[in-house]
Amino acid sequence: MEGWDPSTKSTLTQIPLLSTKAGPRDGAPWTQRLKEEYKSLIAYTQMNKSNDNDWFRISAANPEGTRWTGKCWYVHNLLKYEFDLQFDIPVTYPATAPELELPELDGKTQKMYRGGKICLTVHFKPLWAKNCPRFGIAHALCLGLAPWLAAEIPILVDSGMIKHKDDAASSTES
Amino acid sequence: MEVELKEMMNDLDSLMQSLTDPSHRAPIDKLKLRVERLANFGNFGPSRRTKVKDMSAEVVDSNPYSRLMALQRMGIVQNYERIREFSVAIVGIGGVGSVAAEMLTRCGIGRLLLYDYDKVELANMNRLFFRPEQVGMTKTDAAVQTLSDINPDVVLESFTLNITTVQGFETFMSSLKNKSFHPNKQGSGVDLVLSCVDNYEARMAVNQACNELNQTWMESGVSEDAVSGHIQLLIPGETACFACAPPLVVASGVDERTLKREGVCAASLPTTMGVVAGLLVQNTLKYLLEFGQVSPYLGYNSLKDYFPTMEMKPNPQCSNSACQQRQKEYLLVKPARDAATKAKMEAEASSSMEGPLHLDNEWNISVVDDTEPDRIDVKSSDALPEGLTHELPSADEFQTVCTPEAPVSAIDDIEELRRQLDALNST
């Protein structure tokens, strides 16, 4: 964890860890895992809200809890940039992390794989591997998506690749 | 195009008939001749050869298999035609998988199963196989188009899906189990699975499927910096599975920082991918047709032209339960296997015992048996041969005392938890 900023570190220590090592094909243990996922997501969301650092919404898109959809946003120069967020729980979960997708940014940055999957190889995958099965969705968002947004969004905005929705609207009106 | 030309011919005919002045006929005849020539010209386009019933060894220009059947005459392969009985599944039809598929198709493999969910893009044109006019097609469709033209004898089955999703994985598993090609085949419906994917998640999914099905497979990979690669043979229970240890990568031998450019997620070269596809299919042919030595692991470092090899024992504490199950089964049949190896050694010894090669052995030179290569315990990375490193760290020892101190939420009903998160989401 060296190289991470102190606030991420302290946030991370407060996200409840998970203990059940089960994937979506495992039946009852998966339900147990899903409960743990919910608990840690609830705790993380509550923590963000109380720290005035609310930055995502995520919920299961199917009863099995294998597909998740929602939104995430990032504030740059006092403007809020919001994106759709989606991912599948892979069959080999939790041995492999979910591949977080921001479909709207597909093709706009090189730090992304096909379909808008954000590149997590260097900053996140080793951490996930080291902490299997204790890390869950909340950890993936905190250590995978949050630093990616912090690194990429300012570049994308400054280079004009993405526009704030107000600007985009006014430019189409005129 | 053919239809268009025919219509033009008809139009010219009717024009001819409607003409009263015979002096105009000559130029129309000339036009008709040119249309006919164009129609014939079109016939020289792609024409598919018909399927052949048996592989012939006859050396004639028109025999697509003469050079392959010559392997038999040269004593390399005992029975080449057996290749038509084999089914190979290729997962990932990218820079390595598509080339491997073409190689196996040209070798006359019986059946190929192709899996990919991506589309062909112009950005793929730095690699082999796909052509610019195929941009926009799914990789599976484009591959079937090209491969069936090259060799109509190969049975091609394609699956446009992502094997890491729950649904894709189920389809993947059932397609491997399908025995319609060879109903009497032992085990699964395929002889070998080739993993040609570009990510860890998909490799773990192939590993999971093959461990569950007790299916031998080969893994291949090219580094993100495009200058090194590897192939690996995985026999469930017998060799290390992909989850037994963090994946190995061939160290590039130069400072990593000089290679990893900021802001680029992956580079690729047709050369490295072609080399790795070649190594993979060569190992496949050796495995299926039983000739030469099948490599358990072969690395390729292109910057130093270094090819490390090694063998890896399975990890008894592997986190994959299907792998552990296969390991147990493998240990159970150990006595029978040892007896078979001994019998084979004795048979070989008796056949070579036809008298000493040299009557005098002044220097007491003897040949030392080194058939049992050192197998590496995958858990300790210190034992790795030079030039190989682990790509990811192993999971830390599981801390048994893992209950979070703060009472997070005593609720243990999934619906209630879902509602709680939804409530948080809506504020």
# chains A, B, ... in the order shown; residues from 1 in each chain; ligands from 1
call {"tool": "interface_residues", "arguments": {"of": "chain A", "to": "chain B", "cutoff": "9 Å", "atoms": "only C-alpha atoms", "output": "VMD selection string"}}
result
chain A and resid 16 to 19 24 to 25 31 to 32 34 to 35 38 to 43 45 to 46 56 to 60 66 88 to 93 95 to 99 109 to 114 119 121 125 to 134
call {"tool": "select_by_dssp", "arguments": {"residues": "chain A", "states": "helix (DSSP H, G or I)", "output": "short mmCIF file (atom, residue, chain, number, x, y, z; two decimals) with N, CA, C and O atoms, in the first residue's frame"}}
result
data_model
loop_
_atom_site.label_atom_id
_atom_site.label_comp_id
_atom_site.auth_asym_id
_atom_site.auth_seq_id
_atom_site.Cartn_x
_atom_site.Cartn_y
_atom_site.Cartn_z
N PRO A 6 -2.85 9.27 2.16
CA PRO A 6 -3.33 8.90 3.50
C PRO A 6 -4.84 8.81 3.60
O PRO A 6 -5.36 7.95 4.31
N SER A 7 -5.58 9.66 2.86
CA SER A 7 -7.03 9.62 3.03
C SER A 7 -7.61 8.34 2.43
O SER A 7 -8.52 7.74 2.99
N THR A 8 -7.09 7.90 1.27
CA THR A 8 -7.55 6.64 0.70
C THR A 8 -7.25 5.51 1.66
O THR A 8 -8.07 4.63 1.89
N LYS A 9 -6.05 5.58 2.24
CA LYS A 9 -5.63 4.53 3.17
C LYS A 9 -6.57 4.45 4.36
O LYS A 9 -7.00 3.37 4.75
N SER A 10 -6.92 5.62 4.91
CA SER A 10 -7.76 5.58 6.11
C SER A 10 -9.18 5.17 5.74
O SER A 10 -9.85 4.47 6.49
N THR A 11 -9.65 5.59 4.57
CA THR A 11 -10.98 5.15 4.12
C THR A 11 -10.99 3.64 3.99
O THR A 11 -11.90 2.96 4.46
N LEU A 12 -9.94 3.13 3.35
CA LEU A 12 -9.86 1.70 3.07
C LEU A 12 -9.97 0.88 4.35
O LEU A 12 -10.69 -0.11 4.40
N THR A 13 -9.26 1.34 5.38
CA THR A 13 -9.26 0.55 6.62
C THR A 13 -10.64 0.51 7.25
O THR A 13 -10.92 -0.36 8.07
N GLN A 14 -11.51 1.46 6.86
CA GLN A 14 -12.85 1.48 7.46
C GLN A 14 -13.89 0.69 6.66
O GLN A 14 -15.01 0.50 7.13
N ALA A 28 -25.36 -21.48 -2.31
CA ALA A 28 -25.57 -20.85 -1.00
C ALA A 28 -24.39 -19.99 -0.54
O ALA A 28 -24.60 -18.88 -0.04
N PRO A 29 -23.14 -20.47 -0.68
CA PRO A 29 -22.03 -19.59 -0.26
C PRO A 29 -22.02 -18.26 -1.01
O PRO A 29 -21.61 -17.24 -0.46
N TRP A 30 -22.50 -18.25 -2.26
CA TRP A 30 -22.54 -16.99 -3.02
C TRP A 30 -23.54 -16.02 -2.37
O TRP A 30 -23.28 -14.83 -2.27
N THR A 31 -24.67 -16.56 -1.91
CA THR A 31 -25.64 -15.71 -1.24
C THR A 31 -25.00 -15.09 0.01
O THR A 31 -25.19 -13.91 0.29
N GLN A 32 -24.22 -15.89 0.71
CA GLN A 32 -23.52 -15.40 1.89
C GLN A 32 -22.55 -14.29 1.50
O GLN A 32 -22.49 -13.23 2.12
N ARG A 33 -21.81 -14.53 0.42
CA ARG A 33 -20.84 -13.54 -0.08
C ARG A 33 -21.58 -12.25 -0.46
O ARG A 33 -21.11 -11.16 -0.17
N LEU A 34 -22.73 -12.44 -1.12
CA LEU A 34 -23.50 -11.29 -1.58
C LEU A 34 -23.93 -10.42 -0.39
O LEU A 34 -23.89 -9.19 -0.46
N LYS A 35 -24.29 -11.08 0.72
CA LYS A 35 -24.66 -10.34 1.93
C LYS A 35 -23.47 -9.51 2.40
O LYS A 35 -23.61 -8.33 2.74
N GLU A 36 -22.29 -10.12 2.40
CA GLU A 36 -21.09 -9.40 2.82
C GLU A 36 -20.79 -8.23 1.89
O GLU A 36 -20.38 -7.16 2.33
N GLU A 37 -21.02 -8.46 0.58
CA GLU A 37 -20.82 -7.38 -0.39
C GLU A 37 -21.73 -6.20 -0.05
O GLU A 37 -21.30 -5.04 -0.04
N TYR A 38 -23.01 -6.51 0.21
CA TYR A 38 -23.97 -5.46 0.54
C TYR A 38 -23.53 -4.70 1.78
O TYR A 38 -23.55 -3.48 1.83
N LYS A 39 -23.13 -5.45 2.81
CA LYS A 39 -22.75 -4.80 4.07
C LYS A 39 -21.57 -3.86 3.86
O LYS A 39 -21.56 -2.73 4.37
N SER A 40 -20.59 -4.30 3.09
CA SER A 40 -19.43 -3.43 2.94
C SER A 40 -19.75 -2.25 2.03
O SER A 40 -19.26 -1.14 2.24
N LEU A 41 -20.64 -2.46 1.03
CA LEU A 41 -21.06 -1.34 0.17
C LEU A 41 -21.86 -0.32 0.96
O LEU A 41 -21.69 0.89 0.79
N ILE A 42 -22.73 -0.83 1.83
CA ILE A 42 -23.55 0.07 2.66
C ILE A 42 -22.64 0.90 3.55
O ILE A 42 -22.77 2.13 3.62
N ALA A 43 -21.70 0.23 4.20
CA ALA A 43 -20.80 0.94 5.10
C ALA A 43 -19.97 1.99 4.34
O ALA A 43 -19.81 3.13 4.81
N TYR A 44 -19.49 1.61 3.17
CA TYR A 44 -18.66 2.54 2.38
C TYR A 44 -19.49 3.74 1.92
O TYR A 44 -19.04 4.89 1.99
N THR A 45 -20.72 3.48 1.43
CA THR A 45 -21.56 4.57 0.96
C THR A 45 -21.89 5.53 2.13
O THR A 45 -21.81 6.75 1.97
N GLN A 46 -22.22 4.93 3.28
CA GLN A 46 -22.53 5.76 4.45
C GLN A 46 -21.33 6.63 4.82
O GLN A 46 -21.46 7.83 5.07
N MET A 47 -20.17 6.02 4.80
CA MET A 47 -18.94 6.73 5.15
C MET A 47 -18.70 7.89 4.19
O MET A 47 -18.39 9.01 4.59
N ASN A 48 -18.88 7.64 2.90
CA ASN A 48 -18.70 8.69 1.90
C ASN A 48 -19.65 9.85 2.14
O ASN A 48 -19.27 11.02 2.04
N LYS A 49 -20.90 9.49 2.43
CA LYS A 49 -21.90 10.53 2.64
C LYS A 49 -21.56 11.38 3.86
O LYS A 49 -21.65 12.61 3.82
N SER A 50 -21.16 10.70 4.96
CA SER A 50 -20.88 11.47 6.16
C SER A 50 -19.59 12.29 6.02
O SER A 50 -19.42 13.30 6.70
N PRO A 103 -18.94 2.73 -20.04
CA PRO A 103 -19.16 2.60 -21.49
C PRO A 103 -19.12 3.94 -22.24
O PRO A 103 -18.71 3.97 -23.39
N GLU A 104 -19.50 5.03 -21.56
CA GLU A 104 -19.52 6.33 -22.27
C GLU A 104 -18.12 6.80 -22.65
O GLU A 104 -17.95 7.61 -23.54
N LEU A 105 -17.11 6.29 -21.94
CA LEU A 105 -15.74 6.76 -22.21
C LEU A 105 -14.98 5.82 -23.16
O LEU A 105 -13.81 6.04 -23.44
N ARG A 114 -11.39 -2.64 -24.48
CA ARG A 114 -12.60 -2.65 -25.30
C ARG A 114 -13.87 -2.67 -24.46
O ARG A 114 -13.95 -3.37 -23.46
N GLY A 115 -14.84 -1.89 -24.84
CA GLY A 115 -16.11 -1.89 -24.14
C GLY A 115 -16.12 -0.96 -22.95
O GLY A 115 -17.08 -0.95 -22.18
N GLY A 116 -15.07 -0.18 -22.79
CA GLY A 116 -15.03 0.79 -21.69
C GLY A 116 -14.54 0.22 -20.37
O GLY A 116 -14.76 0.81 -19.32
N LYS A 125 -4.80 -4.55 -9.66
CA LYS A 125 -4.84 -6.02 -9.73
C LYS A 125 -3.91 -6.69 -8.71
O LYS A 125 -4.32 -7.65 -8.05
N PRO A 126 -2.67 -6.21 -8.52
CA PRO A 126 -1.81 -6.85 -7.52
C PRO A 126 -2.40 -6.77 -6.11
O PRO A 126 -2.34 -7.73 -5.35
N LEU A 127 -3.02 -5.63 -5.78
CA LEU A 127 -3.64 -5.47 -4.46
C LEU A 127 -4.79 -6.44 -4.28
O LEU A 127 -4.95 -7.05 -3.23
N TRP A 128 -5.61 -6.56 -5.33
CA TRP A 128 -6.75 -7.47 -5.27
C TRP A 128 -6.26 -8.90 -5.05
O TRP A 128 -6.79 -9.63 -4.19
N ALA A 129 -5.24 -9.31 -5.83
CA ALA A 129 -4.72 -10.67 -5.74
C ALA A 129 -4.20 -10.94 -4.32
O ALA A 129 -4.41 -12.00 -3.75
N LYS A 130 -3.53 -9.94 -3.76
CA LYS A 130 -2.93 -10.09 -2.44
C LYS A 130 -4.00 -10.21 -1.36
O LYS A 130 -3.79 -10.88 -0.36
N ILE A 137 -16.60 -5.62 -3.82
CA ILE A 137 -16.97 -4.57 -4.77
C ILE A 137 -16.58 -3.18 -4.23
O ILE A 137 -16.02 -2.35 -4.95
N ALA A 138 -16.87 -2.94 -2.94
CA ALA A 138 -16.57 -1.63 -2.35
C ALA A 138 -15.08 -1.32 -2.46
O ALA A 138 -14.70 -0.18 -2.76
N HIS A 139 -14.24 -2.32 -2.24
CA HIS A 139 -12.80 -2.11 -2.33
C HIS A 139 -12.37 -1.84 -3.77
O HIS A 139 -11.46 -1.05 -4.02
N ALA A 140 -13.04 -2.55 -4.70
CA ALA A 140 -12.72 -2.33 -6.11
C ALA A 140 -13.04 -0.90 -6.52
O ALA A 140 -12.30 -0.27 -7.28
N LEU A 141 -14.14 -0.37 -5.99
CA LEU A 141 -14.51 1.01 -6.32
C LEU A 141 -13.51 1.98 -5.68
O LEU A 141 -13.04 2.92 -6.32
N CYS A 142 -13.18 1.72 -4.41
CA CYS A 142 -12.30 2.63 -3.67
C CYS A 142 -10.87 2.63 -4.22
O CYS A 142 -10.25 3.68 -4.35
N LEU A 143 -10.35 1.43 -4.53
CA LEU A 143 -8.94 1.34 -4.93
C LEU A 143 -8.75 1.21 -6.44
O LEU A 143 -7.65 1.40 -6.95
N GLY A 144 -9.83 0.84 -7.15
CA GLY A 144 -9.72 0.68 -8.59
C GLY A 144 -10.26 1.87 -9.35
O GLY A 144 -9.55 2.56 -10.09
N LEU A 145 -11.57 2.14 -9.12
CA LEU A 145 -12.22 3.18 -9.90
C LEU A 145 -11.85 4.61 -9.45
O LEU A 145 -11.56 5.46 -10.29
N ALA A 146 -11.84 4.85 -8.12
CA ALA A 146 -11.61 6.22 -7.64
C ALA A 146 -10.27 6.79 -8.13
O ALA A 146 -10.24 7.89 -8.70
N PRO A 147 -9.16 6.06 -7.96
CA PRO A 147 -7.89 6.62 -8.46
C PRO A 147 -7.87 6.76 -9.98
O PRO A 147 -7.23 7.68 -10.51
N TRP A 148 -8.58 5.87 -10.68
CA TRP A 148 -8.62 5.96 -12.15
C TRP A 148 -9.32 7.26 -12.55
O TRP A 148 -8.82 8.00 -13.41
N LEU A 149 -10.46 7.54 -11.92
CA LEU A 149 -11.18 8.77 -12.24
C LEU A 149 -10.31 9.99 -11.92
O LEU A 149 -10.23 10.94 -12.70
N ALA A 150 -9.64 9.96 -10.76
CA ALA A 150 -8.82 11.09 -10.34
C ALA A 150 -7.67 11.34 -11.32
O ALA A 150 -7.26 12.47 -11.53
N ALA A 151 -7.18 10.27 -11.92
CA ALA A 151 -6.05 10.43 -12.85
C ALA A 151 -6.52 10.80 -14.25
O ALA A 151 -5.89 11.59 -14.95
N GLU A 152 -7.65 10.21 -14.68
CA GLU A 152 -8.06 10.32 -16.08
C GLU A 152 -8.98 11.50 -16.39
O GLU A 152 -8.86 12.13 -17.43
N ILE A 153 -9.94 11.76 -15.48
CA ILE A 153 -10.96 12.76 -15.81
C ILE A 153 -10.34 14.16 -16.06
O ILE A 153 -10.67 14.80 -17.06
N PRO A 154 -9.42 14.63 -15.18
CA PRO A 154 -8.83 15.94 -15.47
C PRO A 154 -8.18 16.00 -16.85
O PRO A 154 -8.34 16.99 -17.59
N ILE A 155 -7.49 14.92 -17.23
CA ILE A 155 -6.83 14.90 -18.55
C ILE A 155 -7.88 14.94 -19.66
O ILE A 155 -7.75 15.70 -20.63
N LEU A 156 -8.93 14.13 -19.50
CA LEU A 156 -9.98 14.07 -20.53
C LEU A 156 -10.70 15.41 -20.66
O LEU A 156 -11.06 15.82 -21.77
N VAL A 157 -10.92 16.08 -19.53
CA VAL A 157 -11.60 17.38 -19.58
C VAL A 157 -10.68 18.42 -20.22
O VAL A 157 -11.07 19.13 -21.15
N ASP A 158 -9.44 18.48 -19.73
CA ASP A 158 -8.51 19.50 -20.23
C ASP A 158 -8.21 19.33 -21.71
O ASP A 158 -7.97 20.30 -22.43
N LYS A 165 -21.89 18.57 -19.04
CA LYS A 165 -23.20 18.45 -19.69
C LYS A 165 -23.83 19.83 -20.00
O LYS A 165 -24.50 19.98 -21.01
N ASP A 166 -23.55 20.82 -19.17
CA ASP A 166 -24.09 22.17 -19.45
C ASP A 166 -23.46 22.75 -20.72
O ASP A 166 -24.14 23.30 -21.56
N ASP A 167 -22.13 22.58 -20.83
CA ASP A 167 -21.44 23.07 -22.02
C ASP A 167 -21.95 22.37 -23.26
O ASP A 167 -22.22 22.99 -24.29
N ALA A 168 -22.07 21.04 -23.14
CA ALA A 168 -22.50 20.25 -24.29
C ALA A 168 -23.89 20.71 -24.73
O ALA A 168 -24.14 20.89 -25.91
N ALA A 169 -24.79 20.94 -23.73
CA ALA A 169 -26.16 21.36 -24.05
C ALA A 169 -26.16 22.72 -24.73
O ALA A 169 -26.78 22.91 -25.77
N SER A 170 -25.38 23.68 -24.15
CA SER A 170 -25.41 25.03 -24.72
C SER A 170 -24.80 25.04 -26.12
O SER A 170 -25.26 25.76 -26.99
N SER A 171 -23.80 24.18 -26.35
CA SER A 171 -23.17 24.20 -27.68
C SER A 171 -24.10 23.60 -28.73
O SER A 171 -24.06 23.98 -29.88
N THR A 172 -24.98 22.65 -28.29
CA THR A 172 -25.89 22.09 -29.28
C THR A 172 -27.05 23.04 -29.54
O THR A 172 -27.61 23.06 -30.63
N GLU A 173 -27.40 23.84 -28.51
CA GLU A 173 -28.51 24.79 -28.68
C GLU A 173 -28.13 25.89 -29.66
O GLU A 173 -28.89 26.28 -30.51
#
call {"tool": "residues_around", "arguments": {"residues": "stretch 73-86 of chain B", "least_positions_apart": "5", "cutoff": "12 Å", "atoms": "only C-alpha atoms", "output": "number ranges by chain"}}
result
B: 52-59, 65-68, 104-113, 153-155, 179, 181-185, 188-193, 284-293
call {"tool": "atom_distance", "arguments": {"atom1": "atom CA of A:Pro94", "atom2": "atom CA of A:Trp73"}}
result
25.6 Å
call {"tool": "atom_distance", "arguments": {"atom1": "atom CA of B:Glu7", "atom2": "atom CA of B:Leu38"}}
result
13.1 Å
call {"tool": "select_by_dssp", "arguments": {"residues": "stretch 34-170 of chain A", "states": "strand (DSSP E)", "output": "NGL selection string"}}
result
:A and (56-60 or 67-76 or 79-88 or 112-113 or 117-118)
call {"tool": "write_last_selection", "arguments": {"atoms": "N, CA and C atoms", "output": "PDB file, in the first residue's frame"}}
result
ATOM      1  N   PHE A  56     -20.535   7.759  -5.900  1.00  0.00           N
ATOM      2  CA  PHE A  56     -21.076   6.714  -6.792  1.00  0.00           C
ATOM      3  C   PHE A  56     -22.419   6.210  -6.289  1.00  0.00           C
ATOM      4  N   ARG A  57     -23.149   5.574  -7.188  1.00  0.00           N
ATOM      5  CA  ARG A  57     -24.361   4.833  -6.873  1.00  0.00           C
ATOM      6  C   ARG A  57     -24.190   3.492  -7.560  1.00  0.00           C
ATOM      7  N   ILE A  58     -24.426   2.406  -6.859  1.00  0.00           N
ATOM      8  CA  ILE A  58     -24.321   1.108  -7.521  1.00  0.00           C
ATOM      9  C   ILE A  58     -25.355   0.170  -6.918  1.00  0.00           C
ATOM     10  N   SER A  59     -26.026  -0.595  -7.776  1.00  0.00           N
ATOM     11  CA  SER A  59     -26.966  -1.596  -7.261  1.00  0.00           C
ATOM     12  C   SER A  59     -27.028  -2.777  -8.218  1.00  0.00           C
ATOM     13  N   ALA A  60     -27.418  -3.916  -7.661  1.00  0.00           N
ATOM     14  CA  ALA A  60     -27.479  -5.139  -8.465  1.00  0.00           C
ATOM     15  C   ALA A  60     -28.578  -5.003  -9.508  1.00  0.00           C
ATOM     16  N   ARG A  67     -24.803  -8.958 -12.025  1.00  0.00           N
ATOM     17  CA  ARG A  67     -24.597  -7.774 -12.855  1.00  0.00           C
ATOM     18  C   ARG A  67     -24.959  -6.541 -12.038  1.00  0.00           C
ATOM     19  N   TRP A  68     -24.100  -5.532 -12.089  1.00  0.00           N
ATOM     20  CA  TRP A  68     -24.300  -4.328 -11.292  1.00  0.00           C
ATOM     21  C   TRP A  68     -24.257  -3.115 -12.207  1.00  0.00           C
ATOM     22  N   THR A  69     -25.177  -2.169 -11.945  1.00  0.00           N
ATOM     23  CA  THR A  69     -25.187  -0.940 -12.737  1.00  0.00           C
ATOM     24  C   THR A  69     -25.366   0.248 -11.808  1.00  0.00           C
ATOM     25  N   GLY A  70     -24.951   1.407 -12.268  1.00  0.00           N
ATOM     26  CA  GLY A  70     -25.100   2.611 -11.468  1.00  0.00           C
ATOM     27  C   GLY A  70     -24.409   3.785 -12.117  1.00  0.00           C
ATOM     28  N   LYS A  71     -23.991   4.710 -11.294  1.00  0.00           N
ATOM     29  CA  LYS A  71     -23.348   5.940 -11.777  1.00  0.00           C
ATOM     30  C   LYS A  71     -22.137   6.237 -10.907  1.00  0.00           C
ATOM     31  N   CYS A  72     -21.198   6.975 -11.463  1.00  0.00           N
ATOM     32  CA  CYS A  72     -20.122   7.501 -10.639  1.00  0.00           C
ATOM     33  C   CYS A  72     -19.834   8.905 -11.159  1.00  0.00           C
ATOM     34  N   TRP A  73     -19.305   9.748 -10.319  1.00  0.00           N
ATOM     35  CA  TRP A  73     -19.021  11.102 -10.779  1.00  0.00           C
ATOM     36  C   TRP A  73     -17.734  11.621 -10.171  1.00  0.00           C
ATOM     37  N   TYR A  74     -17.216  12.668 -10.808  1.00  0.00           N
ATOM     38  CA  TYR A  74     -15.956  13.242 -10.358  1.00  0.00           C
ATOM     39  C   TYR A  74     -16.059  14.764 -10.529  1.00  0.00           C
ATOM     40  N   VAL A  75     -15.597  15.484  -9.535  1.00  0.00           N
ATOM     41  CA  VAL A  75     -15.673  16.948  -9.606  1.00  0.00           C
ATOM     42  C   VAL A  75     -14.301  17.489  -9.997  1.00  0.00           C
ATOM     43  N   HIS A  76     -14.289  18.245 -11.094  1.00  0.00           N
ATOM     44  CA  HIS A  76     -13.051  18.833 -11.581  1.00  0.00           C
ATOM     45  C   HIS A  76     -13.321  20.313 -11.861  1.00  0.00           C
ATOM     46  N   LEU A  79     -16.809  21.561 -11.397  1.00  0.00           N
ATOM     47  CA  LEU A  79     -17.874  21.018 -12.250  1.00  0.00           C
ATOM     48  C   LEU A  79     -17.944  19.510 -12.047  1.00  0.00           C
ATOM     49  N   LYS A  80     -19.195  19.004 -12.055  1.00  0.00           N
ATOM     50  CA  LYS A  80     -19.407  17.583 -11.800  1.00  0.00           C
ATOM     51  C   LYS A  80     -19.552  16.823 -13.123  1.00  0.00           C
ATOM     52  N   TYR A  81     -18.754  15.817 -13.289  1.00  0.00           N
ATOM     53  CA  TYR A  81     -18.828  14.977 -14.488  1.00  0.00           C
ATOM     54  C   TYR A  81     -19.338  13.608 -14.062  1.00  0.00           C
ATOM     55  N   GLU A  82     -20.461  13.191 -14.660  1.00  0.00           N
ATOM     56  CA  GLU A  82     -21.090  11.943 -14.229  1.00  0.00           C
ATOM     57  C   GLU A  82     -21.085  10.912 -15.352  1.00  0.00           C
ATOM     58  N   PHE A  83     -20.852   9.652 -14.994  1.00  0.00           N
ATOM     59  CA  PHE A  83     -20.768   8.582 -15.998  1.00  0.00           C
ATOM     60  C   PHE A  83     -21.539   7.349 -15.541  1.00  0.00           C
ATOM     61  N   ASP A  84     -22.061   6.613 -16.544  1.00  0.00           N
ATOM     62  CA  ASP A  84     -22.666   5.316 -16.239  1.00  0.00           C
ATOM     63  C   ASP A  84     -21.560   4.368 -15.818  1.00  0.00           C
ATOM     64  N   LEU A  85     -21.880   3.533 -14.854  1.00  0.00           N
ATOM     65  CA  LEU A  85     -20.921   2.540 -14.368  1.00  0.00           C
ATOM     66  C   LEU A  85     -21.593   1.177 -14.418  1.00  0.00           C
ATOM     67  N   GLN A  86     -20.917   0.166 -14.918  1.00  0.00           N
ATOM     68  CA  GLN A  86     -21.497  -1.182 -14.948  1.00  0.00           C
ATOM     69  C   GLN A  86     -20.399  -2.231 -14.894  1.00  0.00           C
ATOM     70  N   PHE A  87     -20.733  -3.383 -14.393  1.00  0.00           N
ATOM     71  CA  PHE A  87     -19.783  -4.510 -14.420  1.00  0.00           C
ATOM     72  C   PHE A  87     -20.506  -5.818 -14.128  1.00  0.00           C
ATOM     73  N   ASP A  88     -19.870  -6.912 -14.562  1.00  0.00           N
ATOM     74  CA  ASP A  88     -20.361  -8.255 -14.269  1.00  0.00           C
ATOM     75  C   ASP A  88     -19.475  -8.860 -13.195  1.00  0.00           C
ATOM     76  N   MET A 112      -7.837   2.141 -21.179  1.00  0.00           N
ATOM     77  CA  MET A 112      -9.122   1.478 -21.181  1.00  0.00           C
ATOM     78  C   MET A 112      -9.073   0.327 -22.170  1.00  0.00           C
ATOM     79  N   TYR A 113      -9.761  -0.754 -21.839  1.00  0.00           N
ATOM     80  CA  TYR A 113      -9.871  -1.856 -22.770  1.00  0.00           C
ATOM     81  C   TYR A 113     -11.208  -1.767 -23.486  1.00  0.00           C
ATOM     82  N   LYS A 117     -13.878  -0.948 -20.434  1.00  0.00           N
ATOM     83  CA  LYS A 117     -13.305  -1.507 -19.200  1.00  0.00           C
ATOM     84  C   LYS A 117     -12.072  -0.705 -18.814  1.00  0.00           C
ATOM     85  N   ILE A 118     -12.071  -0.175 -17.600  1.00  0.00           N
ATOM     86  CA  ILE A 118     -10.943   0.666 -17.217  1.00  0.00           C
ATOM     87  C   ILE A 118      -9.716  -0.193 -16.940  1.00  0.00           C
TER      88      ILE A 118
END
